[in-house]
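*Asks:* Structure incoming, see below.
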Amino acid sequence: MDVIEGVSVGPMTPESQFVRPLRMYYKQNKVDKVWDLVSLHDSVCVILFNTDRQKVVLVRQFRPAVYYNGVSVEERQALGGCVDTAKHPGKDGLTLELCAGIVDKQLSLAEVAQLEALEECGYNVPVEKFEHVKTCRAGVGVSGDRMTMFYAEVTDAMKESEGGGLEAEGEMIEVVEMGLPEVKEFLAAPEVTAPSGLLFGLTWFLYNKAPGVSTSTTTTNT
């Protein structure tokens, strides 16, 4: 999954089905302004907790944007947009994340979450088991897309496959399980290669759903 070779970067051609770069012209308090942004699909993500093994189920995958932005601007310029993969191995672009996916099908958000849990992590979870946690905005400086987070408890009996994503769509995903001590250690680290949504999701889990949490401290989201 992390054997990366032949990296180069160029203009986005032809037009992407996932990302559309735009330039917005507007007035703010009568002052002319310009802002560059991208139009993206909304997304869902899921905090999965295996109650049989007392493990949070996460995913790890290679993210080109993380990998590329780990290379200094000076080095990118010196190599004409290419990356020295001997100096920068693919593991530099591996991120730990919640199971997630874009909303690009005519399904409810919970149904999209159900599909992603099966495709990425191998769990077939009844749609009614997905509890809404929060809907918020991601990437407010560049995209502003809407992200909806769910929570679902799973058991070993719900496991139908090893997950890993859809090979036909080029997905290469590793399923990662973390016990409660590991989750706490991860959150205490000064720097992690992970999106902020994972940090919020794990913190929410510890305060609201982790075994041993008093019911008086739980919150209800509508």
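Naming scheme: A, B, ... for chains in displayed order of the structure tokens; residues 1 onward per chain; ligands 1 onward as shown.
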Run DSSP on the backbone and tell me which residues of range 7-47 of chain A come out as strand (DSSP E or B); list them as a list in words.
*Replies:*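 Matching residues for strand (DSSP E or B) in range 7-47 of chain A are Arg20, Pro21, Leu22, Arg23, Met24, Tyr25, Tyr26, Lys27, Gln28, Val31, Asp32, Lys33, Val34, Trp35, Asp36, Leu37, Val38, Ser39, Ser43, Val44, Cys45, Val46 and Ile47 of chain A.
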*Asks:* Which residues are close to range 136-142 of chain A, i.e. within 12 Å by only C-alpha atoms, leaving aside same-chain residues fewer than 5 positions away? Reply as number ranges by chain.
*Replies:* A: 19-24, 35-45, 147-150, 195-197, 200
*Asks:* Near range 88-91 of chain A, counting only C-alpha atoms, which residues have an atom at most 9 Å away, once you skip same-chain residues fewer than 4 positions from it, shown as a PyMOL selection string?
*Replies:* chain A and resi 1-5+62+67+70-71+83-84+95
*Asks:* Can you tell me which residues surround range 127-129 of chain A at a distance of at most 8 Å, considering only C-alpha atoms, apart from same-chain residues fewer than 6 positions away, and format the answer as a short mmCIF file (atom, residue, chain, number, x, y, z; two decimals) with all heavy atoms, in the first residue's frame?
*Replies:*
data_model
loop_
_atom_site.label_atom_id
_atom_site.label_comp_id
_atom_site.auth_asym_id
_atom_site.auth_seq_id
_atom_site.Cartn_x
_atom_site.Cartn_y
_atom_site.Cartn_z
N ALA A 110 -27.31 7.96 6.26
CA ALA A 110 -27.07 6.74 7.04
C ALA A 110 -26.81 5.55 6.12
O ALA A 110 -25.99 4.69 6.43
CB ALA A 110 -28.26 6.46 7.95
N GLU A 111 -27.47 5.51 4.98
CA GLU A 111 -27.25 4.43 4.02
C GLU A 111 -25.86 4.52 3.40
O GLU A 111 -25.22 3.51 3.14
CB GLU A 111 -28.33 4.44 2.95
CG GLU A 111 -29.70 3.97 3.44
CD GLU A 111 -30.80 4.19 2.42
OE1 GLU A 111 -30.71 5.16 1.61
OE2 GLU A 111 -31.76 3.41 2.43
N GLN A 114 -23.57 3.20 5.94
CA GLN A 114 -23.70 1.74 5.97
C GLN A 114 -22.84 1.10 4.88
O GLN A 114 -22.13 0.12 5.13
CB GLN A 114 -25.16 1.36 5.79
CG GLN A 114 -25.43 -0.14 5.82
CD GLN A 114 -26.87 -0.46 5.47
OE1 GLN A 114 -27.44 0.10 4.54
NE2 GLN A 114 -27.47 -1.36 6.24
N ALA A 152 -21.64 3.92 15.43
CA ALA A 152 -22.31 2.62 15.35
C ALA A 152 -21.49 1.58 16.11
O ALA A 152 -20.26 1.57 16.02
CB ALA A 152 -22.48 2.18 13.90
N GLU A 153 -22.19 0.74 16.84
CA GLU A 153 -21.54 -0.36 17.53
C GLU A 153 -21.67 -1.62 16.68
O GLU A 153 -22.73 -1.89 16.11
CB GLU A 153 -22.16 -0.56 18.91
CG GLU A 153 -21.89 0.62 19.84
CD GLU A 153 -22.44 0.42 21.25
OE1 GLU A 153 -23.20 -0.55 21.47
OE2 GLU A 153 -22.10 1.26 22.12
#
*Asks:* Could you list, as a ChimeraX atom specification, every residue within 9 Å of Pro64 in chain A, counting only C-alpha atoms and ignoring same-chain residues fewer than 4 positions away?
*Replies:* /A:68-69,93-94
*Asks:* Could you please determine the separation between CA of Glu185 in chain A and CA of Val56 in chain A in Å, to one decimal place?
*Replies:*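 Pair CA of Glu185 in chain A / CA of Val56 in chain A returns 13.4 Å.
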*Asks:* List every residue of range 7-72 of chain A that DSSP, applied to the backbone of this structure, places in alpha helix (DSSP H), and write the result as JSON, numbers by chain.
*Replies:* {"A": [64, 65, 66, 67, 68]}
*Asks:* Using only C-alpha atoms, determine which residues lie at most 12 Å from Glu160 in chain A, disregarding the query and same-chain residues fewer than 2 positions distant; provide the list as a list of chain:residue names.
*Replies:*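 Close residues of Glu160 in chain A: A:Ala117, A:Leu118, A:Glu119, A:Glu120, A:Cys121, A:Gly122, A:Tyr123, A:Asn124, A:Val125, A:Val154, A:Thr155, A:Asp156, A:Ala157, A:Met158, A:Glu162, A:Gly163.
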*Asks:* So what do you get for CA of Phe186 in chain A versus CA of Asp52 in chain A, distance-wise?
*Replies:*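 Separating CA of Phe186 in chain A from CA of Asp52 in chain A is a distance of 21.7 Å.
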*Asks:* To one decimal place in Å, what is the distance between CA of Glu177 in chain A and CA of Trp204 in chain A?
*Replies:* 17.2 Å
*Asks:* Which is closer to Pro11 in chain A than all the others in A:Thr203, A:Gly170, A:Ser143, A:Gly81, using only C-alpha atoms?
*Replies:*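 For Pro11 in chain A, the nearest of the candidates is A:Gly81.
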*Asks:* Taking 4 positions as the minimum chain separation for residues in the same chain, which residues sit within 10 Å of Ala194 in chain A when counting only C-alpha atoms? Answer as a VMD selection string.
*Replies:* chain A and resid 60 66 94 to 98 198 to 199
*Asks:* Save the residues we just selected, N, CA and C atoms, as a CSV table (one decimal), in the first residue's frame?
*Replies:*
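Output contents, as saved in result_39.csv:
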chain,number,residue,atom,x,y,z
A,60,ARG,N,-6.6,3.1,7.7
A,60,ARG,CA,-5.3,3.8,7.3
A,60,ARG,C,-5.2,3.7,5.8
A,66,VAL,N,-1.4,14.7,1.6
A,66,VAL,CA,-0.6,14.7,2.8
A,66,VAL,C,0.9,14.4,2.4
A,94,LEU,N,0.7,8.1,4.8
A,94,LEU,CA,-0.3,7.3,5.4
A,94,LEU,C,-1.0,8.0,6.5
A,95,THR,N,-2.3,8.0,6.5
A,95,THR,CA,-3.1,8.7,7.5
A,95,THR,C,-4.0,7.8,8.2
A,96,LEU,N,-4.3,8.0,9.5
A,96,LEU,CA,-5.2,7.3,10.3
A,96,LEU,C,-6.5,8.1,10.3
A,97,GLU,N,-7.7,7.4,10.0
A,97,GLU,CA,-8.9,8.1,9.8
A,97,GLU,C,-10.1,7.3,10.3
A,98,LEU,N,-11.2,7.9,10.4
A,98,LEU,CA,-12.5,7.2,10.5
A,98,LEU,C,-12.9,6.6,9.2
A,198,LEU,N,-11.1,12.9,12.9
A,198,LEU,CA,-10.8,11.8,13.7
A,198,LEU,C,-10.6,12.2,15.1
A,199,LEU,N,-9.9,13.2,15.4
A,199,LEU,CA,-9.6,13.7,16.7
A,199,LEU,C,-10.9,14.0,17.5
*Asks:* Determine the nearest neighbour of Cys82 in chain A from the options A:Val7, A:Phe205, A:Glu191, A:Ala210, counting only C-alpha atoms.
*Replies:*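 Closest to Cys82 in chain A, using only C-alpha atoms: A:Val7.
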*Asks:* Here is a test: counting only C-alpha atoms, which residue of A:Pro14, A:Asp145, A:Val192, A:Lys33 is nearest to Ile102 in chain A?
*Replies:*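 Of A:Pro14, A:Asp145, A:Val192, A:Lys33, the one nearest Ile102 in chain A is A:Asp145, counting only C-alpha atoms.
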*Asks:* So, with only C-alpha atoms as the atoms that count, which of A:Gln61, A:Thr135, A:Ala189, A:Arg146 lies closest to Val175 in chain A?
*Replies:* A:Gln61
